[in-house]
Amino acid sequence: MSQKKEKLQEFIKEGYGTPAQLADILDLGVVMLFYLEEDTFSRREVQSVVEALKGIEGWLRD
C-alpha cells in the first residue's frame with residue numbers, strides 16, 4: 001500500500017471512524033453549499049464539514 005493511501009486511511013480512522021462517516025459529512029457539505037443561510041445549520045455542523053475538507057486538502061497536498 002502506498003504511503004499516501006496509508007495516511008488517508010489513518011486520517012479517516014482518527015477523524016471520522018469510517019469512510020462512510022466521512023462521506024456523510026462531505027455529503028452534508030454539498031447540501032450546505034445549496035442551502036447555507038443563517039440558522040439553517042448549526043455552527044458545529046459547518047465546522048465539521050470545513051475540518052473534513054481542510055483535512056482532505058492537506059492530504060492531497062502531501
# chains A, B, ... in the order shown; residues from 1 in each chain; ligands from 1
$ residues_around --residues "Met32 in chain A" --least-positions-apart "5" --cutoff "12 Å" --atoms "only C-alpha atoms" --output "PyMOL selection string"
chain A and resi 25-27+37-43+45-50
$ residues_around --residues "range 15-17 of chain A" --least-positions-apart "2" --cutoff "12 Å" --atoms "only C-alpha atoms" --output "list in words"
Lys7, Leu8, Gln9, Glu10, Phe11, Ile12, Lys13, Pro19, Ala20, Gln21, Leu22, Ala23, Asp24, Ile25, Leu26, Ser48, Val49, Glu51, Ala52, Leu53, Lys54, Gly55 and Ile56 of chain A
$ write_last_selection --atoms "C-alpha atoms" --output "PDB file, in the first residue's frame"
ATOM      1  CA  LYS A   7      -2.020   8.438   5.502  1.00  0.00           C
ATOM      2  CA  LEU A   8      -5.516   8.886   4.094  1.00  0.00           C
ATOM      3  CA  GLN A   9      -6.770   5.772   5.865  1.00  0.00           C
ATOM      4  CA  GLU A  10      -5.204   6.982   9.117  1.00  0.00           C
ATOM      5  CA  PHE A  11      -6.768  10.447   8.674  1.00  0.00           C
ATOM      6  CA  ILE A  12     -10.203   8.903   8.106  1.00  0.00           C
ATOM      7  CA  LYS A  13      -9.926   6.470  11.023  1.00  0.00           C
ATOM      8  CA  PRO A  19     -15.059   6.173   5.274  1.00  0.00           C
ATOM      9  CA  ALA A  20     -18.865   6.115   5.407  1.00  0.00           C
ATOM     10  CA  GLN A  21     -18.910   8.629   8.279  1.00  0.00           C
ATOM     11  CA  LEU A  22     -16.559  10.944   6.370  1.00  0.00           C
ATOM     12  CA  ALA A  23     -18.748  10.547   3.277  1.00  0.00           C
ATOM     13  CA  ASP A  24     -21.773  11.608   5.344  1.00  0.00           C
ATOM     14  CA  ILE A  25     -20.009  14.790   6.453  1.00  0.00           C
ATOM     15  CA  LEU A  26     -18.895  15.593   2.907  1.00  0.00           C
ATOM     16  CA  SER A  48     -17.235  19.687  10.918  1.00  0.00           C
ATOM     17  CA  VAL A  49     -17.562  19.952   7.156  1.00  0.00           C
ATOM     18  CA  GLU A  51     -12.492  20.400   9.064  1.00  0.00           C
ATOM     19  CA  ALA A  52     -13.103  17.429   6.773  1.00  0.00           C
ATOM     20  CA  LEU A  53     -12.444  19.466   3.645  1.00  0.00           C
ATOM     21  CA  LYS A  54      -9.272  21.001   5.106  1.00  0.00           C
ATOM     22  CA  GLY A  55      -8.015  17.556   6.139  1.00  0.00           C
ATOM     23  CA  ILE A  56      -8.540  16.137   2.667  1.00  0.00           C
TER      24      ILE A  56
END
$ select_by_dssp --residues "chain A" --states "alpha helix (DSSP H)" --output "ChimeraX atom specification"
/A:3-16,19-35,43-61
$ write_last_selection --atoms "N, CA and C atoms" --output "short mmCIF file (atom, residue, chain, number, x, y, z; two decimals), in the first residue's frame"
data_model
loop_
_atom_site.label_atom_id
_atom_site.label_comp_id
_atom_site.auth_asym_id
_atom_site.auth_seq_id
_atom_site.Cartn_x
_atom_site.Cartn_y
_atom_site.Cartn_z
N GLN A 3 2.27 5.01 0.69
CA GLN A 3 2.32 5.82 1.91
C GLN A 3 1.18 6.84 1.93
N LYS A 4 0.84 7.39 0.78
CA LYS A 4 -0.24 8.37 0.72
C LYS A 4 -1.58 7.73 1.08
N LYS A 5 -1.80 6.53 0.58
CA LYS A 5 -3.05 5.83 0.88
C LYS A 5 -3.13 5.50 2.37
N GLU A 6 -2.00 5.08 2.93
CA GLU A 6 -1.98 4.78 4.37
C GLU A 6 -2.30 6.03 5.19
N LYS A 7 -1.74 7.19 4.79
CA LYS A 7 -2.02 8.44 5.50
C LYS A 7 -3.50 8.80 5.42
N LEU A 8 -4.09 8.59 4.24
CA LEU A 8 -5.52 8.89 4.09
C LEU A 8 -6.35 7.97 4.98
N GLN A 9 -6.03 6.70 5.01
CA GLN A 9 -6.77 5.77 5.86
C GLN A 9 -6.63 6.14 7.33
N GLU A 10 -5.43 6.56 7.74
CA GLU A 10 -5.20 6.98 9.12
C GLU A 10 -6.00 8.25 9.43
N PHE A 11 -5.99 9.20 8.51
CA PHE A 11 -6.77 10.45 8.67
C PHE A 11 -8.25 10.13 8.86
N ILE A 12 -8.78 9.26 8.03
CA ILE A 12 -10.20 8.90 8.11
C ILE A 12 -10.50 8.22 9.43
N LYS A 13 -9.68 7.23 9.79
CA LYS A 13 -9.93 6.47 11.02
C LYS A 13 -9.85 7.37 12.25
N GLU A 14 -8.82 8.21 12.33
CA GLU A 14 -8.65 9.07 13.51
C GLU A 14 -9.71 10.17 13.60
N GLY A 15 -10.08 10.72 12.46
CA GLY A 15 -11.00 11.85 12.48
C GLY A 15 -12.47 11.49 12.38
N TYR A 16 -12.77 10.37 11.72
CA TYR A 16 -14.18 10.08 11.40
C TYR A 16 -14.61 8.65 11.69
N PRO A 19 -14.85 5.40 6.50
CA PRO A 19 -15.06 6.17 5.27
C PRO A 19 -16.51 6.60 5.10
N ALA A 20 -17.44 5.77 5.54
CA ALA A 20 -18.86 6.12 5.41
C ALA A 20 -19.22 7.34 6.24
N GLN A 21 -18.63 7.46 7.44
CA GLN A 21 -18.91 8.63 8.28
C GLN A 21 -18.32 9.89 7.65
N LEU A 22 -17.14 9.79 7.07
CA LEU A 22 -16.56 10.94 6.37
C LEU A 22 -17.42 11.30 5.16
N ALA A 23 -17.88 10.30 4.44
CA ALA A 23 -18.75 10.55 3.28
C ALA A 23 -20.02 11.27 3.69
N ASP A 24 -20.58 10.92 4.85
CA ASP A 24 -21.77 11.61 5.34
C ASP A 24 -21.50 13.08 5.59
N ILE A 25 -20.35 13.39 6.18
CA ILE A 25 -20.01 14.79 6.45
C ILE A 25 -19.80 15.55 5.15
N LEU A 26 -19.12 14.93 4.19
CA LEU A 26 -18.89 15.59 2.91
C LEU A 26 -20.21 15.79 2.16
N ASP A 27 -21.11 14.82 2.27
CA ASP A 27 -22.42 14.96 1.65
C ASP A 27 -23.18 16.13 2.26
N LEU A 28 -23.10 16.27 3.58
CA LEU A 28 -23.72 17.41 4.25
C LEU A 28 -23.12 18.71 3.72
N GLY A 29 -21.82 18.71 3.47
CA GLY A 29 -21.16 19.89 2.93
C GLY A 29 -21.73 20.30 1.58
N VAL A 30 -22.01 19.33 0.74
CA VAL A 30 -22.61 19.62 -0.57
C VAL A 30 -23.98 20.25 -0.38
N VAL A 31 -24.78 19.71 0.52
CA VAL A 31 -26.10 20.27 0.80
C VAL A 31 -25.97 21.69 1.33
N MET A 32 -24.99 21.90 2.20
CA MET A 32 -24.79 23.24 2.77
C MET A 32 -24.51 24.28 1.70
N LEU A 33 -23.79 23.88 0.67
CA LEU A 33 -23.47 24.84 -0.40
C LEU A 33 -24.74 25.36 -1.07
N PHE A 34 -25.78 24.56 -1.10
CA PHE A 34 -27.04 24.97 -1.71
C PHE A 34 -27.93 25.76 -0.76
N TYR A 35 -27.87 25.43 0.53
CA TYR A 35 -28.85 25.98 1.47
C TYR A 35 -28.25 26.78 2.61
N ARG A 43 -23.55 25.95 13.86
CA ARG A 43 -22.15 26.34 13.66
C ARG A 43 -21.26 25.09 13.68
N ARG A 44 -21.54 24.14 14.57
CA ARG A 44 -20.73 22.92 14.69
C ARG A 44 -20.83 22.07 13.43
N GLU A 45 -22.00 21.97 12.82
CA GLU A 45 -22.15 21.21 11.58
C GLU A 45 -21.28 21.81 10.48
N VAL A 46 -21.29 23.11 10.36
CA VAL A 46 -20.48 23.78 9.34
C VAL A 46 -19.00 23.57 9.65
N GLN A 47 -18.60 23.69 10.90
CA GLN A 47 -17.21 23.50 11.27
C GLN A 47 -16.74 22.07 10.98
N SER A 48 -17.59 21.08 11.20
CA SER A 48 -17.23 19.69 10.92
C SER A 48 -16.95 19.48 9.43
N VAL A 49 -17.76 20.08 8.60
CA VAL A 49 -17.56 19.95 7.16
C VAL A 49 -16.27 20.65 6.75
N VAL A 50 -16.03 21.83 7.28
CA VAL A 50 -14.81 22.57 6.95
C VAL A 50 -13.58 21.78 7.39
N GLU A 51 -13.61 21.20 8.58
CA GLU A 51 -12.49 20.40 9.06
C GLU A 51 -12.22 19.22 8.13
N ALA A 52 -13.27 18.56 7.69
CA ALA A 52 -13.10 17.43 6.77
C ALA A 52 -12.48 17.88 5.46
N LEU A 53 -12.97 18.96 4.91
CA LEU A 53 -12.44 19.47 3.65
C LEU A 53 -10.99 19.90 3.79
N LYS A 54 -10.65 20.57 4.89
CA LYS A 54 -9.27 21.00 5.11
C LYS A 54 -8.36 19.80 5.29
N GLY A 55 -8.82 18.76 5.96
CA GLY A 55 -8.01 17.56 6.14
C GLY A 55 -7.72 16.87 4.82
N ILE A 56 -8.73 16.76 3.98
CA ILE A 56 -8.54 16.14 2.67
C ILE A 56 -7.62 17.00 1.81
N GLU A 57 -7.82 18.29 1.87
CA GLU A 57 -6.95 19.21 1.11
C GLU A 57 -5.50 19.05 1.54
N GLY A 58 -5.26 18.96 2.83
CA GLY A 58 -3.91 18.76 3.33
C GLY A 58 -3.32 17.44 2.87
N TRP A 59 -4.12 16.39 2.89
CA TRP A 59 -3.66 15.08 2.42
C TRP A 59 -3.31 15.14 0.95
N LEU A 60 -4.11 15.78 0.15
CA LEU A 60 -3.87 15.87 -1.28
C LEU A 60 -2.59 16.64 -1.59
N ARG A 61 -2.24 17.61 -0.76
CA ARG A 61 -1.05 18.42 -0.99
C ARG A 61 0.24 17.74 -0.54
#
